[in-house]
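Here is the file my_file.pdb (PDB, C-alpha atoms).
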ATOM      1  CA  GLN A   9       0.000   0.000   0.000  1.00  0.00           C
ATOM      2  CA  VAL A  10       1.324   3.415  -0.969  1.00  0.00           C
ATOM      3  CA  PRO A  11       0.144   6.177   1.336  1.00  0.00           C
ATOM      4  CA  LEU A  12      -0.918   9.337  -0.444  1.00  0.00           C
ATOM      5  CA  VAL A  13      -0.805  12.394   1.775  1.00  0.00           C
ATOM      6  CA  GLU A  14      -3.092  15.193   0.613  1.00  0.00           C
ATOM      7  CA  SER A  15      -3.219  18.741   1.915  1.00  0.00           C
ATOM      8  CA  GLY A  16      -4.473  22.185   1.011  1.00  0.00           C
ATOM      9  CA  GLY A  17      -8.228  21.874   1.193  1.00  0.00           C
ATOM     10  CA  GLY A  18     -10.420  24.276   3.118  1.00  0.00           C
ATOM     11  CA  LEU A  19     -13.122  26.909   2.991  1.00  0.00           C
ATOM     12  CA  VAL A  20     -12.836  29.702   0.435  1.00  0.00           C
ATOM     13  CA  GLN A  21     -15.134  32.377  -0.924  1.00  0.00           C
ATOM     14  CA  PRO A  22     -16.325  32.295  -4.527  1.00  0.00           C
ATOM     15  CA  GLY A  23     -13.630  33.666  -6.790  1.00  0.00           C
ATOM     16  CA  GLY A  24     -10.889  32.612  -4.420  1.00  0.00           C
ATOM     17  CA  SER A  25      -8.013  30.186  -4.853  1.00  0.00           C
ATOM     18  CA  LEU A  26      -6.668  27.061  -3.228  1.00  0.00           C
ATOM     19  CA  ARG A  27      -3.695  24.836  -3.923  1.00  0.00           C
ATOM     20  CA  LEU A  28      -3.914  21.119  -3.243  1.00  0.00           C
ATOM     21  CA  SER A  29      -0.843  18.945  -2.771  1.00  0.00           C
ATOM     22  CA  CYS A  30      -0.393  15.184  -2.797  1.00  0.00           C
ATOM     23  CA  VAL A  31       2.764  13.279  -1.917  1.00  0.00           C
ATOM     24  CA  ALA A  32       3.066   9.576  -2.689  1.00  0.00           C
ATOM     25  CA  SER A  33       5.297   7.986  -0.074  1.00  0.00           C
ATOM     26  CA  GLY A  34       7.114   4.711  -0.419  1.00  0.00           C
ATOM     27  CA  MET A  35       6.820   4.345  -4.172  1.00  0.00           C
ATOM     28  CA  THR A  36       8.898   1.351  -5.290  1.00  0.00           C
ATOM     29  CA  PHE A  37       8.111   1.814  -8.975  1.00  0.00           C
ATOM     30  CA  GLY A  38       7.990   4.850 -11.201  1.00  0.00           C
ATOM     31  CA  ILE A  39       4.891   6.933 -11.677  1.00  0.00           C
ATOM     32  CA  TYR A  40       2.832   6.652 -14.835  1.00  0.00           C
ATOM     33  CA  ARG A  41       0.052   9.103 -14.038  1.00  0.00           C
ATOM     34  CA  MET A  42      -1.034  11.347 -11.180  1.00  0.00           C
ATOM     35  CA  GLY A  43      -4.297  13.156 -10.911  1.00  0.00           C
ATOM     36  CA  TRP A  44      -7.177  14.601  -8.954  1.00  0.00           C
ATOM     37  CA  TYR A  45     -10.778  13.478  -8.804  1.00  0.00           C
ATOM     38  CA  ARG A  46     -13.662  14.916  -6.821  1.00  0.00           C
ATOM     39  CA  GLN A  47     -16.941  13.763  -5.402  1.00  0.00           C
ATOM     40  CA  ALA A  48     -19.759  16.011  -4.302  1.00  0.00           C
ATOM     41  CA  PRO A  49     -22.533  14.745  -1.990  1.00  0.00           C
ATOM     42  CA  GLY A  50     -24.985  12.587  -3.895  1.00  0.00           C
ATOM     43  CA  LYS A  51     -22.850  12.543  -7.028  1.00  0.00           C
ATOM     44  CA  GLN A  52     -20.398  10.138  -8.593  1.00  0.00           C
ATOM     45  CA  ARG A  53     -16.670  10.666  -8.368  1.00  0.00           C
ATOM     46  CA  GLU A  54     -15.451  12.568 -11.419  1.00  0.00           C
ATOM     47  CA  LEU A  55     -12.141  13.363 -13.013  1.00  0.00           C
ATOM     48  CA  VAL A  56     -10.768  16.840 -12.400  1.00  0.00           C
ATOM     49  CA  ALA A  57      -7.319  16.666 -13.993  1.00  0.00           C
ATOM     50  CA  THR A  58      -4.561  14.183 -14.706  1.00  0.00           C
ATOM     51  CA  ILE A  59      -0.939  14.462 -15.698  1.00  0.00           C
ATOM     52  CA  THR A  60       0.845  11.586 -17.398  1.00  0.00           C
ATOM     53  CA  SER A  61       4.598  11.104 -17.324  1.00  0.00           C
ATOM     54  CA  GLY A  62       5.848  12.129 -20.743  1.00  0.00           C
ATOM     55  CA  GLY A  63       2.305  12.627 -21.882  1.00  0.00           C
ATOM     56  CA  PRO A  64      -0.584  15.052 -21.891  1.00  0.00           C
ATOM     57  CA  THR A  65      -2.449  16.761 -19.119  1.00  0.00           C
ATOM     58  CA  ILE A  66      -6.223  16.375 -19.183  1.00  0.00           C
ATOM     59  CA  TYR A  67      -8.825  18.617 -17.586  1.00  0.00           C
ATOM     60  CA  ALA A  68     -12.528  18.300 -17.074  1.00  0.00           C
ATOM     61  CA  ASP A  69     -14.406  20.841 -19.160  1.00  0.00           C
ATOM     62  CA  SER A  70     -15.812  22.378 -15.997  1.00  0.00           C
ATOM     63  CA  VAL A  71     -12.368  23.357 -14.681  1.00  0.00           C
ATOM     64  CA  GLN A  72     -10.514  24.074 -17.930  1.00  0.00           C
ATOM     65  CA  GLY A  73      -8.872  27.492 -17.744  1.00  0.00           C
ATOM     66  CA  ARG A  74      -9.348  27.783 -13.975  1.00  0.00           C
ATOM     67  CA  PHE A  75      -7.378  24.829 -12.579  1.00  0.00           C
ATOM     68  CA  THR A  76      -3.787  23.861 -13.296  1.00  0.00           C
ATOM     69  CA  ILE A  77      -2.252  20.486 -12.515  1.00  0.00           C
ATOM     70  CA  SER A  78       1.493  20.053 -12.156  1.00  0.00           C
ATOM     71  CA  GLY A  79       3.745  17.298 -10.951  1.00  0.00           C
ATOM     72  CA  ASP A  80       7.261  16.398  -9.948  1.00  0.00           C
ATOM     73  CA  ASP A  81       8.101  12.740 -10.593  1.00  0.00           C
ATOM     74  CA  ALA A  82      11.334  12.964  -8.621  1.00  0.00           C
ATOM     75  CA  LYS A  83       9.395  14.111  -5.552  1.00  0.00           C
ATOM     76  CA  ASN A  84       6.362  11.897  -6.238  1.00  0.00           C
ATOM     77  CA  THR A  85       4.245  14.993  -5.799  1.00  0.00           C
ATOM     78  CA  VAL A  86       1.298  16.440  -7.679  1.00  0.00           C
ATOM     79  CA  TRP A  87      -0.349  19.820  -7.161  1.00  0.00           C
ATOM     80  CA  LEU A  88      -3.659  21.288  -8.222  1.00  0.00           C
ATOM     81  CA  GLN A  89      -3.855  25.064  -8.378  1.00  0.00           C
ATOM     82  CA  MET A  90      -7.497  26.085  -8.297  1.00  0.00           C
ATOM     83  CA  ASN A  91      -8.423  29.649  -9.207  1.00  0.00           C
ATOM     84  CA  SER A  92     -11.744  31.424  -9.701  1.00  0.00           C
ATOM     85  CA  LEU A  93     -13.436  28.856  -7.516  1.00  0.00           C
ATOM     86  CA  LYS A  94     -17.190  28.446  -7.757  1.00  0.00           C
ATOM     87  CA  PRO A  95     -19.698  26.971  -5.314  1.00  0.00           C
ATOM     88  CA  GLU A  96     -20.128  24.025  -7.684  1.00  0.00           C
ATOM     89  CA  ASP A  97     -16.467  23.149  -7.103  1.00  0.00           C
ATOM     90  CA  THR A  98     -17.379  22.161  -3.565  1.00  0.00           C
ATOM     91  CA  ALA A  99     -16.479  18.497  -3.108  1.00  0.00           C
ATOM     92  CA  MET A 100     -14.098  16.035  -1.538  1.00  0.00           C
ATOM     93  CA  TYR A 101     -10.980  16.000  -3.686  1.00  0.00           C
ATOM     94  CA  TYR A 102      -9.027  12.757  -4.043  1.00  0.00           C
ATOM     95  CA  CYS A 103      -5.485  12.244  -5.212  1.00  0.00           C
ATOM     96  CA  ASN A 104      -4.923   9.334  -7.587  1.00  0.00           C
ATOM     97  CA  VAL A 105      -1.619   7.734  -8.555  1.00  0.00           C
ATOM     98  CA  ILE A 106      -0.939   5.013 -11.117  1.00  0.00           C
ATOM     99  CA  ASN A 107       2.515   3.521 -11.091  1.00  0.00           C
ATOM    100  CA  SER A 108       4.528   2.123 -13.993  1.00  0.00           C
ATOM    101  CA  LEU A 109       2.992  -1.316 -13.404  1.00  0.00           C
ATOM    102  CA  ARG A 110      -0.446   0.317 -13.650  1.00  0.00           C
ATOM    103  CA  ALA A 111      -1.264  -0.296 -10.000  1.00  0.00           C
ATOM    104  CA  GLN A 112      -3.655   2.409  -8.774  1.00  0.00           C
ATOM    105  CA  TYR A 113      -3.757   4.183  -5.418  1.00  0.00           C
ATOM    106  CA  TRP A 114      -6.153   6.681  -3.851  1.00  0.00           C
ATOM    107  CA  GLY A 115      -5.739   9.237  -1.121  1.00  0.00           C
ATOM    108  CA  GLN A 116      -8.156   9.735   1.767  1.00  0.00           C
ATOM    109  CA  GLY A 117      -9.470  12.977   0.324  1.00  0.00           C
ATOM    110  CA  THR A 118      -9.345  16.646   1.256  1.00  0.00           C
ATOM    111  CA  GLN A 119     -12.485  18.763   1.515  1.00  0.00           C
ATOM    112  CA  VAL A 120     -12.874  21.884  -0.590  1.00  0.00           C
ATOM    113  CA  THR A 121     -15.809  24.143   0.237  1.00  0.00           C
ATOM    114  CA  VAL A 122     -16.584  27.254  -1.781  1.00  0.00           C
ATOM    115  CA  SER A 123     -19.101  29.446  -0.025  1.00  0.00           C
ATOM    116  CA  SER A 124     -19.697  33.035   0.971  1.00  0.00           C
TER
END
Since I need it in another form, could you write the structure as structure tokens?
Amino acid sequence: QVPLVESGGGLVQPGGSLRLSCVASGMTFGIYRMGWYRQAPGKQRELVATITSGGPTIYADSVQGRFTISGDDAKNTVWLQMNSLKPEDTAMYYCNVINSLRAQYWGQGTQVTVSS
């Protein structure tokens, strides 16, 4: 089991910004893809953004132009910069890591609440 340590969630007003971080500890194989998903109450978990080693970054249409995903393979870390936050961005955000053997890991989640 690879622990994923997430941080950076919290309460922010509409239009504000937050930066989420996720560190994958104890990785014994290289990273293929890192990303963020979110799940709002009563809804299914959905993709927010992913970044693939040597490949493209992908964003959900709903966050394109507002969120930026970045990663550092050497540090096994992925960040999600979230700007111009909207109330509909309120959700539990989960870090996801897929290693070079395509094994998948999930973090425990960090809550993001956008409200005035």
Near Ser61 of chain A, counting only C-alpha atoms, which residues have an atom at most 12 Å away, once you skip same-chain residues fewer than 5 positions from it, shown as a PDB file with C-alpha atoms, in the coordinates of the input?
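As a result, around-v4.pdb now contains:
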ATOM      1  CA  GLY A  38       7.990   4.850 -11.201  1.00  0.00           C
ATOM      2  CA  ILE A  39       4.891   6.933 -11.677  1.00  0.00           C
ATOM      3  CA  TYR A  40       2.832   6.652 -14.835  1.00  0.00           C
ATOM      4  CA  ARG A  41       0.052   9.103 -14.038  1.00  0.00           C
ATOM      5  CA  MET A  42      -1.034  11.347 -11.180  1.00  0.00           C
ATOM      6  CA  GLY A  43      -4.297  13.156 -10.911  1.00  0.00           C
ATOM      7  CA  SER A  78       1.493  20.053 -12.156  1.00  0.00           C
ATOM      8  CA  GLY A  79       3.745  17.298 -10.951  1.00  0.00           C
ATOM      9  CA  ASP A  80       7.261  16.398  -9.948  1.00  0.00           C
ATOM     10  CA  ASP A  81       8.101  12.740 -10.593  1.00  0.00           C
ATOM     11  CA  ALA A  82      11.334  12.964  -8.621  1.00  0.00           C
ATOM     12  CA  ASN A  84       6.362  11.897  -6.238  1.00  0.00           C
ATOM     13  CA  VAL A  86       1.298  16.440  -7.679  1.00  0.00           C
ATOM     14  CA  VAL A 105      -1.619   7.734  -8.555  1.00  0.00           C
ATOM     15  CA  ILE A 106      -0.939   5.013 -11.117  1.00  0.00           C
ATOM     16  CA  ASN A 107       2.515   3.521 -11.091  1.00  0.00           C
ATOM     17  CA  SER A 108       4.528   2.123 -13.993  1.00  0.00           C
TER      18      SER A 108
END
Can you list what the PyMOL selection byres ((chain A and resi 113) around 12) grabs from this structure, as a PDB file with C-alpha atoms, in the frame of the given file?
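Wrote it out as out.pdb, contents follow:
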ATOM      1  CA  GLN A   9       0.000   0.000   0.000  1.00  0.00           C
ATOM      2  CA  VAL A  10       1.324   3.415  -0.969  1.00  0.00           C
ATOM      3  CA  PRO A  11       0.144   6.177   1.336  1.00  0.00           C
ATOM      4  CA  LEU A  12      -0.918   9.337  -0.444  1.00  0.00           C
ATOM      5  CA  VAL A  13      -0.805  12.394   1.775  1.00  0.00           C
ATOM      6  CA  CYS A  30      -0.393  15.184  -2.797  1.00  0.00           C
ATOM      7  CA  VAL A  31       2.764  13.279  -1.917  1.00  0.00           C
ATOM      8  CA  ALA A  32       3.066   9.576  -2.689  1.00  0.00           C
ATOM      9  CA  SER A  33       5.297   7.986  -0.074  1.00  0.00           C
ATOM     10  CA  GLY A  34       7.114   4.711  -0.419  1.00  0.00           C
ATOM     11  CA  MET A  35       6.820   4.345  -4.172  1.00  0.00           C
ATOM     12  CA  ILE A  39       4.891   6.933 -11.677  1.00  0.00           C
ATOM     13  CA  TYR A  40       2.832   6.652 -14.835  1.00  0.00           C
ATOM     14  CA  ARG A  41       0.052   9.103 -14.038  1.00  0.00           C
ATOM     15  CA  MET A  42      -1.034  11.347 -11.180  1.00  0.00           C
ATOM     16  CA  GLY A  43      -4.297  13.156 -10.911  1.00  0.00           C
ATOM     17  CA  TRP A  44      -7.177  14.601  -8.954  1.00  0.00           C
ATOM     18  CA  TYR A 102      -9.027  12.757  -4.043  1.00  0.00           C
ATOM     19  CA  CYS A 103      -5.485  12.244  -5.212  1.00  0.00           C
ATOM     20  CA  ASN A 104      -4.923   9.334  -7.587  1.00  0.00           C
ATOM     21  CA  VAL A 105      -1.619   7.734  -8.555  1.00  0.00           C
ATOM     22  CA  ILE A 106      -0.939   5.013 -11.117  1.00  0.00           C
ATOM     23  CA  ASN A 107       2.515   3.521 -11.091  1.00  0.00           C
ATOM     24  CA  LEU A 109       2.992  -1.316 -13.404  1.00  0.00           C
ATOM     25  CA  ARG A 110      -0.446   0.317 -13.650  1.00  0.00           C
ATOM     26  CA  ALA A 111      -1.264  -0.296 -10.000  1.00  0.00           C
ATOM     27  CA  GLN A 112      -3.655   2.409  -8.774  1.00  0.00           C
ATOM     28  CA  TRP A 114      -6.153   6.681  -3.851  1.00  0.00           C
ATOM     29  CA  GLY A 115      -5.739   9.237  -1.121  1.00  0.00           C
ATOM     30  CA  GLN A 116      -8.156   9.735   1.767  1.00  0.00           C
ATOM     31  CA  GLY A 117      -9.470  12.977   0.324  1.00  0.00           C
TER      32      GLY A 117
END
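For the pair atom CA of Gly24 of chain A and atom CA of Ser123 of chain A, the separation is 9.8 Å.
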>> Within 10 Å of (-19.3, 18.6, -0.4) in the file's own coordinates, which protein, DNA or RNA residues have an atom, counting only C-alpha atoms? List them as number ranges by chain.
In response: A: 46-51, 95-101, 119-122
> Just how far from atom CA of Ile59 of chain A is atom CA of Met90 of chain A, in Å to one decimal?
Replying inline: 15.3 Å
> Around (-8.0, 31.2, -7.1) in the file's own coordinates, what residues are found within 10 Å if you use all atoms listed in the file, given back as a VMD selection string?
Replying inline: chain A and resid 20 to 27 74 to 75 89 to 94
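In terms of minimum interatomic distance to Ala68 of chain A, A:Val56 ranks closest within A:Leu28, A:Val56, A:Leu19, A:Leu88, counting all atoms listed in the file.
We find atom CA of Ile77 of chain A and atom CA of Arg53 of chain A to be spaced 17.9 Å apart.
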> Residues at most 10 Å from Asp69 of chain A, counting only C-alpha atoms, excluding those fewer than 3 positions away in the same chain, as a PyMOL selection string?
Replying inline: chain A and resi 55-57+66+72-73
When you get a chance, write out N, CA, C and O atoms for segment 9-27 of chain A, as a CSV table (one decimal), in the coordinates of the input.
chain,number,residue,atom,x,y,z
A,9,GLN,N,0.8,-1.2,0.0
A,9,GLN,CA,0.0,0.0,0.0
A,9,GLN,C,0.9,1.2,0.0
A,9,GLN,O,1.8,1.3,0.8
A,10,VAL,N,0.6,2.2,-0.9
A,10,VAL,CA,1.3,3.4,-1.0
A,10,VAL,C,0.5,4.5,-0.4
A,10,VAL,O,-0.6,4.9,-0.9
A,11,PRO,N,0.9,5.1,0.8
A,11,PRO,CA,0.1,6.2,1.3
A,11,PRO,C,0.3,7.4,0.5
A,11,PRO,O,1.4,7.8,0.1
A,12,LEU,N,-0.9,8.1,0.2
A,12,LEU,CA,-0.9,9.3,-0.4
A,12,LEU,C,-1.4,10.4,0.6
A,12,LEU,O,-2.4,10.3,1.1
A,13,VAL,N,-0.5,11.4,0.8
A,13,VAL,CA,-0.8,12.4,1.8
A,13,VAL,C,-1.2,13.7,1.1
A,13,VAL,O,-0.5,14.3,0.3
A,14,GLU,N,-2.5,14.0,1.3
A,14,GLU,CA,-3.1,15.2,0.6
A,14,GLU,C,-3.2,16.3,1.6
A,14,GLU,O,-3.3,16.1,2.8
A,15,SER,N,-3.1,17.6,1.1
A,15,SER,CA,-3.2,18.7,1.9
A,15,SER,C,-3.7,19.9,1.0
A,15,SER,O,-3.6,19.8,-0.2
A,16,GLY,N,-4.2,21.0,1.7
A,16,GLY,CA,-4.5,22.2,1.0
A,16,GLY,C,-5.9,22.5,0.9
A,16,GLY,O,-6.3,23.6,0.4
A,17,GLY,N,-6.8,21.6,1.3
A,17,GLY,CA,-8.2,21.9,1.2
A,17,GLY,C,-8.7,22.9,2.2
A,17,GLY,O,-7.9,23.3,3.1
A,18,GLY,N,-9.9,23.3,2.1
A,18,GLY,CA,-10.4,24.3,3.1
A,18,GLY,C,-11.6,25.0,2.6
A,18,GLY,O,-12.2,24.6,1.6
A,19,LEU,N,-12.0,26.1,3.3
A,19,LEU,CA,-13.1,26.9,3.0
A,19,LEU,C,-12.6,28.2,2.3
A,19,LEU,O,-11.7,28.8,2.8
A,20,VAL,N,-13.2,28.5,1.2
A,20,VAL,CA,-12.8,29.7,0.4
A,20,VAL,C,-14.1,30.4,-0.2
A,20,VAL,O,-15.1,29.7,-0.4
A,21,GLN,N,-14.0,31.7,-0.3
A,21,GLN,CA,-15.1,32.4,-0.9
A,21,GLN,C,-15.1,32.2,-2.4
A,21,GLN,O,-14.1,32.0,-3.0
A,22,PRO,N,-16.3,32.4,-3.1
A,22,PRO,CA,-16.3,32.3,-4.5
A,22,PRO,C,-15.4,33.3,-5.1
A,22,PRO,O,-15.2,34.4,-4.7
A,23,GLY,N,-14.6,32.8,-6.2
A,23,GLY,CA,-13.6,33.7,-6.8
A,23,GLY,C,-12.2,33.5,-6.2
A,23,GLY,O,-11.3,34.0,-6.8
A,24,GLY,N,-12.2,32.8,-5.1
A,24,GLY,CA,-10.9,32.6,-4.4
A,24,GLY,C,-10.1,31.5,-5.0
A,24,GLY,O,-10.5,30.9,-6.0
A,25,SER,N,-8.9,31.2,-4.4
A,25,SER,CA,-8.0,30.2,-4.9
A,25,SER,C,-7.6,29.2,-3.7
A,25,SER,O,-7.6,29.6,-2.6
A,26,LEU,N,-7.3,28.0,-4.1
A,26,LEU,CA,-6.7,27.1,-3.2
A,26,LEU,C,-5.6,26.3,-4.0
A,26,LEU,O,-5.8,26.1,-5.2
A,27,ARG,N,-4.7,25.7,-3.3
A,27,ARG,CA,-3.7,24.8,-3.9
A,27,ARG,C,-3.6,23.5,-3.2
A,27,ARG,O,-3.3,23.5,-2.0
